[in-house]
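Asks: Attaching a single structure in structure tokens format; questions to follow.
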Amino acid sequence: MKSLLGLLLILTAASCSRRLPPHFSIWRLTSSDRQIWASFADAPAQPTIFYVRSGDRTLRGWTIGADTLPVTLLLHGAPSSMVKYRAWFRDSSFFGKTKLVAVDRPGYGKSGYGKAVTSIERQAELLAPLLSKLAECGPVVLCGSSYGGPIAAKLAMDHPDQVRALVLQSASVLPGAERIPRIAPWIHSPVGFVFPRWARVATKEKYAHAAALRTIQSGWARIGCPVWIVHGKLDDLIYPANAEHAVQQLSAHTQVSYIPLDSVRHNVYWTRRDTVKHYILKAILFRDKAKEQAN
């Protein structure tokens, strides 16, 4: 009960605080289109916000960079939204190298907020039309963070010709190798309605995750692109065994680079963002010399 009351107090205080950036809502973990544009008013380059219909869903995304550049598609974890990547959208070291695209995953932000999709297969199906559109000018670099990792992997399994490289950051890919937060049973209980909808969506995903991951395990051999795996050695939410599992599944049939980070927990994006960026840029520039020599 103390953990429940503590979280509610934190959320209430945060929602009332004037210190929160004006472009962000703690209760939705996202921003409106107008707030995003306002937050980029002083930026040298402006993002484009788009909406795409997929199945029974409308997904919101945003992009920055010229259409002639190779594309990097960023998939966030749980809970989160596309605005997580705001710092990269303002990062000039990406400019001229890649067209960045991020999307609110189903259930978050403006992509059916509060309506959870707990199936990894279904999430990948909903994102597949966007991937196909982005890949019209060339294969895409996919970067999946945390829960976004297995969705990125599933897309690479099902659409190998559309994926240039895969970057898995703190990705949850091994069934059962993750911690259930102590607050989760409260959110998953009859009193869960008092929590923000993003917390309920993330908790539904968490409780269904092991079963959802088991459905994609047979597809690892279909991934033929190079893969970079970045994971904190001290990650006590998505355990390092996930990264080791991915290496084991992939190393027999494709090029894999595993980057374990000392003294880092699950907050890789926030504490070692430049490290992840480094490997995304490597993925963009990667050229398969063995295939070139064979041709």
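Chain labels follow the order of the structure tokens: the first chain is A, the next B, and so on; residue numbering restarts at 1 in every chain, and ligands are counted from 1 in their shown order.
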As a PyMOL selection string, please: every residue in region 133-240 of chain A that a backbone DSSP assignment puts in helix (DSSP H, G or I).
Replies: chain A and resi 133-137+148-158+160-162+184-187+190-194+197-214+217-222
Asks: How would you write, as a ChimeraX atom specification, the set of residues in region 79-170 of chain A that DSSP gives as strand (DSSP E or B)?
Replies: /A:99-103,140-145,163-169
Asks: Would you mind exporting N, CA and C atoms of the selected residues as a PDB file, in the first residue's frame?
Replies:
ATOM      1  N   LYS A  99      17.554  10.078 -42.089  1.00  0.00           N
ATOM      2  CA  LYS A  99      16.220  10.615 -41.845  1.00  0.00           C
ATOM      3  C   LYS A  99      15.654   9.865 -40.643  1.00  0.00           C
ATOM      4  N   LEU A 100      15.485  10.568 -39.513  1.00  0.00           N
ATOM      5  CA  LEU A 100      14.967   9.945 -38.304  1.00  0.00           C
ATOM      6  C   LEU A 100      13.448   9.881 -38.361  1.00  0.00           C
ATOM      7  N   VAL A 101      12.901   8.750 -37.974  1.00  0.00           N
ATOM      8  CA  VAL A 101      11.454   8.575 -37.871  1.00  0.00           C
ATOM      9  C   VAL A 101      11.167   7.878 -36.542  1.00  0.00           C
ATOM     10  N   ALA A 102      10.234   8.411 -35.778  1.00  0.00           N
ATOM     11  CA  ALA A 102       9.784   7.754 -34.555  1.00  0.00           C
ATOM     12  C   ALA A 102       8.262   7.728 -34.579  1.00  0.00           C
ATOM     13  N   VAL A 103       7.693   6.778 -33.881  1.00  0.00           N
ATOM     14  CA  VAL A 103       6.246   6.598 -33.916  1.00  0.00           C
ATOM     15  C   VAL A 103       5.746   6.278 -32.516  1.00  0.00           C
ATOM     16  N   VAL A 140      15.798   0.011 -44.197  1.00  0.00           N
ATOM     17  CA  VAL A 140      15.729   0.898 -43.032  1.00  0.00           C
ATOM     18  C   VAL A 140      16.564   0.336 -41.885  1.00  0.00           C
ATOM     19  N   VAL A 141      17.191   1.220 -41.114  1.00  0.00           N
ATOM     20  CA  VAL A 141      17.804   0.835 -39.844  1.00  0.00           C
ATOM     21  C   VAL A 141      16.711   0.868 -38.780  1.00  0.00           C
ATOM     22  N   LEU A 142      16.529  -0.247 -38.082  1.00  0.00           N
ATOM     23  CA  LEU A 142      15.528  -0.336 -37.021  1.00  0.00           C
ATOM     24  C   LEU A 142      16.217  -0.289 -35.671  1.00  0.00           C
ATOM     25  N   CYS A 143      15.753   0.601 -34.796  1.00  0.00           N
ATOM     26  CA  CYS A 143      16.288   0.676 -33.433  1.00  0.00           C
ATOM     27  C   CYS A 143      15.136   0.497 -32.465  1.00  0.00           C
ATOM     28  N   GLY A 144      15.155  -0.594 -31.706  1.00  0.00           N
ATOM     29  CA  GLY A 144      14.109  -0.870 -30.733  1.00  0.00           C
ATOM     30  C   GLY A 144      14.638  -0.803 -29.321  1.00  0.00           C
ATOM     31  N   SER A 145      13.953  -0.022 -28.479  1.00  0.00           N
ATOM     32  CA  SER A 145      14.357   0.164 -27.091  1.00  0.00           C
ATOM     33  C   SER A 145      13.424  -0.606 -26.169  1.00  0.00           C
ATOM     34  N   VAL A 163      14.932  -4.244 -44.118  1.00  0.00           N
ATOM     35  CA  VAL A 163      15.710  -3.850 -42.941  1.00  0.00           C
ATOM     36  C   VAL A 163      17.194  -3.929 -43.251  1.00  0.00           C
ATOM     37  N   ARG A 164      17.849  -2.808 -43.129  1.00  0.00           N
ATOM     38  CA  ARG A 164      19.278  -2.674 -43.423  1.00  0.00           C
ATOM     39  C   ARG A 164      20.139  -3.144 -42.249  1.00  0.00           C
ATOM     40  N   ALA A 165      19.695  -2.822 -41.023  1.00  0.00           N
ATOM     41  CA  ALA A 165      20.417  -3.189 -39.810  1.00  0.00           C
ATOM     42  C   ALA A 165      19.462  -3.075 -38.629  1.00  0.00           C
ATOM     43  N   LEU A 166      19.824  -3.741 -37.548  1.00  0.00           N
ATOM     44  CA  LEU A 166      18.986  -3.776 -36.357  1.00  0.00           C
ATOM     45  C   LEU A 166      19.823  -3.367 -35.148  1.00  0.00           C
ATOM     46  N   VAL A 167      19.307  -2.419 -34.378  1.00  0.00           N
ATOM     47  CA  VAL A 167      19.961  -2.004 -33.134  1.00  0.00           C
ATOM     48  C   VAL A 167      18.985  -2.290 -31.993  1.00  0.00           C
ATOM     49  N   LEU A 168      19.385  -3.166 -31.080  1.00  0.00           N
ATOM     50  CA  LEU A 168      18.551  -3.525 -29.936  1.00  0.00           C
ATOM     51  C   LEU A 168      19.145  -2.899 -28.686  1.00  0.00           C
ATOM     52  N   GLN A 169      18.402  -1.997 -28.070  1.00  0.00           N
ATOM     53  CA  GLN A 169      18.888  -1.285 -26.884  1.00  0.00           C
ATOM     54  C   GLN A 169      18.048  -1.681 -25.670  1.00  0.00           C
TER      55      GLN A 169
END
Asks: Find the spatial neighbours of Ser189 (chain A), counting only C-alpha atoms, within a cut-off of 12 Å - ignore same-chain residues fewer than 3 positions away - and output them as a PyMOL selection string.
Replies: chain A and resi 4+183-186+192-195+200+203-204
Asks: May I have the selected residues written with N, CA, C and O atoms, as an mmCIF file, in the first residue's frame?
Replies:
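Wrote out21.cif, looks like this:
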data_model
loop_
_atom_site.group_PDB
_atom_site.id
_atom_site.type_symbol
_atom_site.label_atom_id
_atom_site.label_comp_id
_atom_site.auth_asym_id
_atom_site.auth_seq_id
_atom_site.Cartn_x
_atom_site.Cartn_y
_atom_site.Cartn_z
ATOM 1 N N LEU A 4 1.916 2.116 -3.488
ATOM 2 C CA LEU A 4 0.796 2.660 -4.253
ATOM 3 C C LEU A 4 0.581 4.129 -3.924
ATOM 4 O O LEU A 4 0.504 4.980 -4.819
ATOM 5 N N ILE A 183 4.749 -2.191 -8.109
ATOM 6 C CA ILE A 183 3.503 -1.455 -8.250
ATOM 7 C C ILE A 183 2.567 -2.107 -9.262
ATOM 8 O O ILE A 183 1.359 -1.833 -9.282
ATOM 9 N N ALA A 184 3.091 -3.010 -10.110
ATOM 10 C CA ALA A 184 2.301 -3.574 -11.205
ATOM 11 C C ALA A 184 1.038 -4.298 -10.741
ATOM 12 O O ALA A 184 -0.028 -4.128 -11.354
ATOM 13 N N PRO A 185 1.081 -5.108 -9.663
ATOM 14 C CA PRO A 185 -0.156 -5.768 -9.234
ATOM 15 C C PRO A 185 -1.265 -4.786 -8.862
ATOM 16 O O PRO A 185 -2.447 -5.074 -9.073
ATOM 17 N N TRP A 186 -0.900 -3.620 -8.333
ATOM 18 C CA TRP A 186 -1.913 -2.609 -8.020
ATOM 19 C C TRP A 186 -2.541 -2.064 -9.303
ATOM 20 O O TRP A 186 -3.760 -1.890 -9.386
ATOM 21 N N GLY A 192 -6.947 -0.257 -10.437
ATOM 22 C CA GLY A 192 -6.029 0.243 -11.460
ATOM 23 C C GLY A 192 -6.523 1.462 -12.199
ATOM 24 O O GLY A 192 -5.723 2.212 -12.781
ATOM 25 N N PHE A 193 -7.836 1.715 -12.158
ATOM 26 C CA PHE A 193 -8.385 2.866 -12.887
ATOM 27 C C PHE A 193 -7.869 4.202 -12.361
ATOM 28 O O PHE A 193 -7.992 5.217 -13.046
ATOM 29 N N VAL A 194 -7.288 4.235 -11.155
ATOM 30 C CA VAL A 194 -6.789 5.495 -10.607
ATOM 31 C C VAL A 194 -5.455 5.892 -11.238
ATOM 32 O O VAL A 194 -5.009 7.033 -11.071
ATOM 33 N N PHE A 195 -4.834 4.980 -11.963
ATOM 34 C CA PHE A 195 -3.540 5.253 -12.577
ATOM 35 C C PHE A 195 -3.722 5.792 -13.996
ATOM 36 O O PHE A 195 -4.733 5.532 -14.653
ATOM 37 N N ARG A 200 -1.468 1.701 -17.256
ATOM 38 C CA ARG A 200 -2.295 0.511 -17.452
ATOM 39 C C ARG A 200 -1.908 -0.231 -18.725
ATOM 40 O O ARG A 200 -1.855 -1.464 -18.751
ATOM 41 N N THR A 203 1.404 -2.019 -18.123
ATOM 42 C CA THR A 203 1.230 -3.168 -17.234
ATOM 43 C C THR A 203 0.565 -4.325 -17.962
ATOM 44 O O THR A 203 0.951 -5.491 -17.777
ATOM 45 N N LYS A 204 -0.404 -4.035 -18.810
ATOM 46 C CA LYS A 204 -1.008 -5.101 -19.625
ATOM 47 C C LYS A 204 0.036 -5.739 -20.530
ATOM 48 O O LYS A 204 0.075 -6.966 -20.689
#
Asks: Write out as a VMD selection string each polymer residue whose atoms come within 9 Å of Lys115 (chain A), counting only C-alpha atoms; drop sequence neighbours fewer than 5 positions from it.
Replies: chain A and resid 106 to 108 197 201
Asks: Could you write out that same residue set with N, CA, C and O atoms as a short mmCIF file (atom, residue, chain, number, x, y, z; two decimals), in the first residue's frame?
Replies:
data_model
loop_
_atom_site.label_atom_id
_atom_site.label_comp_id
_atom_site.auth_asym_id
_atom_site.auth_seq_id
_atom_site.Cartn_x
_atom_site.Cartn_y
_atom_site.Cartn_z
N PRO A 106 1.26 1.50 -30.74
CA PRO A 106 -0.16 1.35 -30.42
C PRO A 106 -0.41 1.32 -28.91
O PRO A 106 0.23 0.56 -28.17
N GLY A 107 -1.33 2.18 -28.47
CA GLY A 107 -1.65 2.28 -27.05
C GLY A 107 -1.06 3.49 -26.37
O GLY A 107 -1.46 3.85 -25.26
N TYR A 108 -0.09 4.16 -27.03
CA TYR A 108 0.61 5.30 -26.44
C TYR A 108 0.43 6.55 -27.29
O TYR A 108 0.15 6.48 -28.49
N ARG A 197 -3.55 6.12 -17.99
CA ARG A 197 -3.76 5.04 -18.95
C ARG A 197 -2.46 4.47 -19.48
O ARG A 197 -2.38 3.29 -19.83
N VAL A 201 -1.62 0.52 -19.80
CA VAL A 201 -1.18 -0.12 -21.05
C VAL A 201 0.14 -0.85 -20.83
O VAL A 201 0.30 -2.01 -21.24
#
Asks: Measuring between only C-alpha atoms, which one of A:His245, A:His188, A:His159, A:Arg34 shows the shortest distance to Cys225 (chain A)?
Replies: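 Going through A:His245, A:His188, A:His159, A:Arg34 one by one, the smallest distance to Cys225 (chain A) is for A:His159.
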Asks: Go ahead and compute the interatomic distance for CA of Gly77 (chain A) and CA of Pro175 (chain A), in Å to one decimal.
Replies: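 Straight-line distance from CA of Gly77 (chain A) to CA of Pro175 (chain A) works out to 16.2 Å.
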Asks: Neighbouring residues of Cys137 (chain A) were defined as those with any atom within 12 Å, considering only C-alpha atoms; residues of the same chain fewer than 5 positions away were excluded. Please report them as an MDAnalysis selection string.
Replies: chainID A and resid 66:71 99 131:132 162:164
Asks: Got time to write the residues from that selection, N, CA and C atoms, as a compact mmCIF listing (two decimals), in the first residue's frame?
Replies:
# COMPACT_ATOMS: atom_id res chain seq x y z
N ALA A 66 16.19 14.84 -44.65
CA ALA A 66 15.81 14.82 -46.07
C ALA A 66 15.34 13.44 -46.50
N ASP A 67 14.41 13.41 -47.44
CA ASP A 67 13.87 12.15 -47.96
C ASP A 67 14.91 11.33 -48.71
N THR A 68 15.99 11.95 -49.12
CA THR A 68 17.03 11.25 -49.88
C THR A 68 18.00 10.48 -48.97
N LEU A 69 17.90 10.68 -47.66
CA LEU A 69 18.82 10.03 -46.73
C LEU A 69 18.32 8.65 -46.32
N PRO A 70 19.23 7.74 -45.92
CA PRO A 70 18.79 6.46 -45.36
C PRO A 70 17.96 6.69 -44.10
N VAL A 71 16.98 5.83 -43.88
CA VAL A 71 16.00 6.03 -42.80
C VAL A 71 16.38 5.21 -41.57
N LYS A 99 17.55 10.08 -42.09
CA LYS A 99 16.22 10.62 -41.84
C LYS A 99 15.65 9.87 -40.64
N LEU A 131 6.79 0.65 -42.19
CA LEU A 131 8.13 0.17 -42.57
C LEU A 131 8.22 0.03 -44.09
N SER A 132 7.20 -0.54 -44.71
CA SER A 132 7.22 -0.74 -46.16
C SER A 132 7.30 0.60 -46.89
N GLN A 162 13.54 -5.33 -46.16
CA GLN A 162 13.27 -3.92 -45.87
C GLN A 162 14.12 -3.38 -44.72
N VAL A 163 14.93 -4.24 -44.12
CA VAL A 163 15.71 -3.85 -42.94
C VAL A 163 17.19 -3.93 -43.25
N ARG A 164 17.85 -2.81 -43.13
CA ARG A 164 19.28 -2.67 -43.42
C ARG A 164 20.14 -3.14 -42.25
Asks: Which neighbours of region 268-275 of chain A fall inside 10 Å, counting only C-alpha atoms, when residues of the same chain fewer than 3 positions from it are skipped, and could you give them as an MDAnalysis selection string?
Replies: chainID A and resid 84:85 87:88 145:146 169:170 230:232 235 259 261 264:265 278:280
Asks: May I have the selected residues written with N, CA, C and O atoms, as a PDB file, in the first residue's frame?
Replies:
ATOM      1  N   LYS A  84      10.002  10.686 -26.607  1.00  0.00           N
ATOM      2  CA  LYS A  84      11.219  10.251 -25.915  1.00  0.00           C
ATOM      3  C   LYS A  84      12.457  10.629 -26.713  1.00  0.00           C
ATOM      4  O   LYS A  84      13.498  10.960 -26.146  1.00  0.00           O
ATOM      5  N   TYR A  85      12.351  10.603 -28.045  1.00  0.00           N
ATOM      6  CA  TYR A  85      13.514  10.812 -28.913  1.00  0.00           C
ATOM      7  C   TYR A  85      13.717  12.275 -29.288  1.00  0.00           C
ATOM      8  O   TYR A  85      14.445  12.575 -30.230  1.00  0.00           O
ATOM      9  N   ALA A  87      15.520  14.590 -28.011  1.00  0.00           N
ATOM     10  CA  ALA A  87      16.925  15.028 -27.991  1.00  0.00           C
ATOM     11  C   ALA A  87      17.626  14.647 -29.287  1.00  0.00           C
ATOM     12  O   ALA A  87      18.432  15.425 -29.818  1.00  0.00           O
ATOM     13  N   TRP A  88      17.345  13.464 -29.833  1.00  0.00           N
ATOM     14  CA  TRP A  88      17.963  13.053 -31.089  1.00  0.00           C
ATOM     15  C   TRP A  88      17.421  13.857 -32.263  1.00  0.00           C
ATOM     16  O   TRP A  88      18.142  14.120 -33.222  1.00  0.00           O
ATOM     17  N   SER A 145      13.953  -0.022 -28.479  1.00  0.00           N
ATOM     18  CA  SER A 145      14.357   0.164 -27.091  1.00  0.00           C
ATOM     19  C   SER A 145      13.424  -0.606 -26.169  1.00  0.00           C
ATOM     20  O   SER A 145      12.197  -0.479 -26.286  1.00  0.00           O
ATOM     21  N   SER A 146      13.979  -1.418 -25.268  1.00  0.00           N
ATOM     22  CA  SER A 146      13.206  -2.127 -24.252  1.00  0.00           C
ATOM     23  C   SER A 146      12.111  -2.963 -24.909  1.00  0.00           C
ATOM     24  O   SER A 146      12.390  -3.846 -25.712  1.00  0.00           O
ATOM     25  N   GLN A 169      18.402  -1.997 -28.070  1.00  0.00           N
ATOM     26  CA  GLN A 169      18.888  -1.285 -26.884  1.00  0.00           C
ATOM     27  C   GLN A 169      18.048  -1.681 -25.670  1.00  0.00           C
ATOM     28  O   GLN A 169      16.839  -1.462 -25.645  1.00  0.00           O
ATOM     29  N   SER A 170      18.702  -2.351 -24.709  1.00  0.00           N
ATOM     30  CA  SER A 170      18.015  -2.806 -23.486  1.00  0.00           C
ATOM     31  C   SER A 170      16.776  -3.621 -23.836  1.00  0.00           C
ATOM     32  O   SER A 170      15.744  -3.530 -23.164  1.00  0.00           O
ATOM     33  N   VAL A 230      22.994  -3.353 -27.455  1.00  0.00           N
ATOM     34  CA  VAL A 230      23.534  -2.503 -26.390  1.00  0.00           C
ATOM     35  C   VAL A 230      22.702  -2.747 -25.133  1.00  0.00           C
ATOM     36  O   VAL A 230      21.474  -2.577 -25.152  1.00  0.00           O
ATOM     37  N   HIS A 231      23.372  -3.125 -24.032  1.00  0.00           N
ATOM     38  CA  HIS A 231      22.628  -3.490 -22.819  1.00  0.00           C
ATOM     39  C   HIS A 231      23.468  -3.173 -21.582  1.00  0.00           C
ATOM     40  O   HIS A 231      24.680  -3.382 -21.573  1.00  0.00           O
ATOM     41  N   GLY A 232      22.823  -2.659 -20.560  1.00  0.00           N
ATOM     42  CA  GLY A 232      23.503  -2.372 -19.302  1.00  0.00           C
ATOM     43  C   GLY A 232      23.785  -3.643 -18.518  1.00  0.00           C
ATOM     44  O   GLY A 232      22.900  -4.490 -18.349  1.00  0.00           O
ATOM     45  N   ASP A 235      21.434  -4.004 -15.511  1.00  0.00           N
ATOM     46  CA  ASP A 235      20.002  -3.848 -15.779  1.00  0.00           C
ATOM     47  C   ASP A 235      19.209  -4.830 -14.916  1.00  0.00           C
ATOM     48  O   ASP A 235      19.288  -6.042 -15.112  1.00  0.00           O
ATOM     49  N   ILE A 259      27.451  -5.042 -27.117  1.00  0.00           N
ATOM     50  CA  ILE A 259      28.117  -3.990 -26.359  1.00  0.00           C
ATOM     51  C   ILE A 259      27.526  -3.948 -24.945  1.00  0.00           C
ATOM     52  O   ILE A 259      26.526  -3.255 -24.679  1.00  0.00           O
ATOM     53  N   LEU A 261      27.417  -2.650 -21.227  1.00  0.00           N
ATOM     54  CA  LEU A 261      27.855  -1.387 -20.629  1.00  0.00           C
ATOM     55  C   LEU A 261      28.043  -1.546 -19.122  1.00  0.00           C
ATOM     56  O   LEU A 261      27.100  -1.875 -18.397  1.00  0.00           O
ATOM     57  N   VAL A 264      25.839   0.304 -15.739  1.00  0.00           N
ATOM     58  CA  VAL A 264      24.646   0.898 -16.335  1.00  0.00           C
ATOM     59  C   VAL A 264      23.459  -0.026 -16.102  1.00  0.00           C
ATOM     60  O   VAL A 264      23.564  -1.243 -16.264  1.00  0.00           O
ATOM     61  N   ARG A 265      22.323   0.579 -15.721  1.00  0.00           N
ATOM     62  CA  ARG A 265      21.099  -0.191 -15.504  1.00  0.00           C
ATOM     63  C   ARG A 265      20.222  -0.116 -16.754  1.00  0.00           C
ATOM     64  O   ARG A 265      20.729  -0.120 -17.869  1.00  0.00           O
ATOM     65  N   HIS A 278      26.080   6.314 -31.414  1.00  0.00           N
ATOM     66  CA  HIS A 278      27.283   5.884 -32.118  1.00  0.00           C
ATOM     67  C   HIS A 278      27.019   4.612 -32.925  1.00  0.00           C
ATOM     68  O   HIS A 278      27.443   4.498 -34.088  1.00  0.00           O
ATOM     69  N   TYR A 279      26.299   3.666 -32.314  1.00  0.00           N
ATOM     70  CA  TYR A 279      26.060   2.402 -33.001  1.00  0.00           C
ATOM     71  C   TYR A 279      24.954   2.511 -34.048  1.00  0.00           C
ATOM     72  O   TYR A 279      24.967   1.773 -35.039  1.00  0.00           O
ATOM     73  N   ILE A 280      24.030   3.426 -33.862  1.00  0.00           N
ATOM     74  CA  ILE A 280      23.051   3.686 -34.924  1.00  0.00           C
ATOM     75  C   ILE A 280      23.765   4.242 -36.149  1.00  0.00           C
ATOM     76  O   ILE A 280      23.517   3.815 -37.285  1.00  0.00           O
TER      77      ILE A 280
END
Asks: Can you pull out every residue within 12 Å of Glu121 (chain A), counting only C-alpha atoms, but drop anything in the same chain fewer than 6 positions away, and send it as a list of chain:residue names?
Replies: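 Final neighbour list, sorted by chain and number: A:Leu127, A:Ala128, A:Pro150, A:Ile151, A:Ala152, A:Ala153, A:Lys154, A:Leu155, A:Ala156, A:Met157, A:Asp158, A:His209, A:Ala211, A:Ala212, A:Leu213, A:Arg214, A:Thr215, A:Ile216, A:Gln217, A:Gly219.
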Asks: Could you take the residues named above and write them with C-alpha atoms, as a PDB file, in the first residue's frame?
Replies:
ATOM      1  CA  LEU A 127       3.831  -1.062 -37.984  1.00  0.00           C
ATOM      2  CA  ALA A 128       4.588  -3.082 -41.126  1.00  0.00           C
ATOM      3  CA  PRO A 150      11.247  -7.466 -29.809  1.00  0.00           C
ATOM      4  CA  ILE A 151       8.857  -5.563 -32.089  1.00  0.00           C
ATOM      5  CA  ALA A 152      11.841  -4.330 -34.119  1.00  0.00           C
ATOM      6  CA  ALA A 153      13.187  -7.895 -34.173  1.00  0.00           C
ATOM      7  CA  LYS A 154       9.824  -9.245 -35.349  1.00  0.00           C
ATOM      8  CA  LEU A 155       9.746  -6.702 -38.180  1.00  0.00           C
ATOM      9  CA  ALA A 156      13.256  -7.780 -39.184  1.00  0.00           C
ATOM     10  CA  MET A 157      12.136 -11.424 -39.107  1.00  0.00           C
ATOM     11  CA  ASP A 158       9.093 -10.815 -41.303  1.00  0.00           C
ATOM     12  CA  HIS A 209       5.018 -10.273 -22.435  1.00  0.00           C
ATOM     13  CA  ALA A 211       3.677 -15.421 -23.764  1.00  0.00           C
ATOM     14  CA  ALA A 212       4.006 -12.824 -26.536  1.00  0.00           C
ATOM     15  CA  LEU A 213       7.780 -13.385 -26.719  1.00  0.00           C
ATOM     16  CA  ARG A 214       7.367 -17.142 -27.004  1.00  0.00           C
ATOM     17  CA  THR A 215       5.407 -16.677 -30.237  1.00  0.00           C
ATOM     18  CA  ILE A 216       8.370 -15.054 -32.030  1.00  0.00           C
ATOM     19  CA  GLN A 217      11.235 -17.312 -30.919  1.00  0.00           C
ATOM     20  CA  GLY A 219      11.917 -16.423 -36.262  1.00  0.00           C
TER      21      GLY A 219
END
Asks: My list of candidates is A:Ala221, A:Val173, A:Ala43, A:Val191. Which is closest to Pro160 (chain A) when distances are computed with only C-alpha atoms?
Replies: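 Nearest to Pro160 (chain A): A:Ala221.
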Asks: Of the residues A:Ile229, A:Val117, A:Leu75, A:Ala208, which is the one nearest to Val276 (chain A), using only C-alpha atoms?
Replies: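 Answer, going by the shortest atom-to-atom distance: A:Ile229.
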Asks: May I ask which of the residues A:Val83, A:Arg57, A:Ala243, A:Ala78 is the closest one to Gln35 (chain A), counting only C-alpha atoms?
Replies: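 The closest residue to Gln35 (chain A) is A:Val83.
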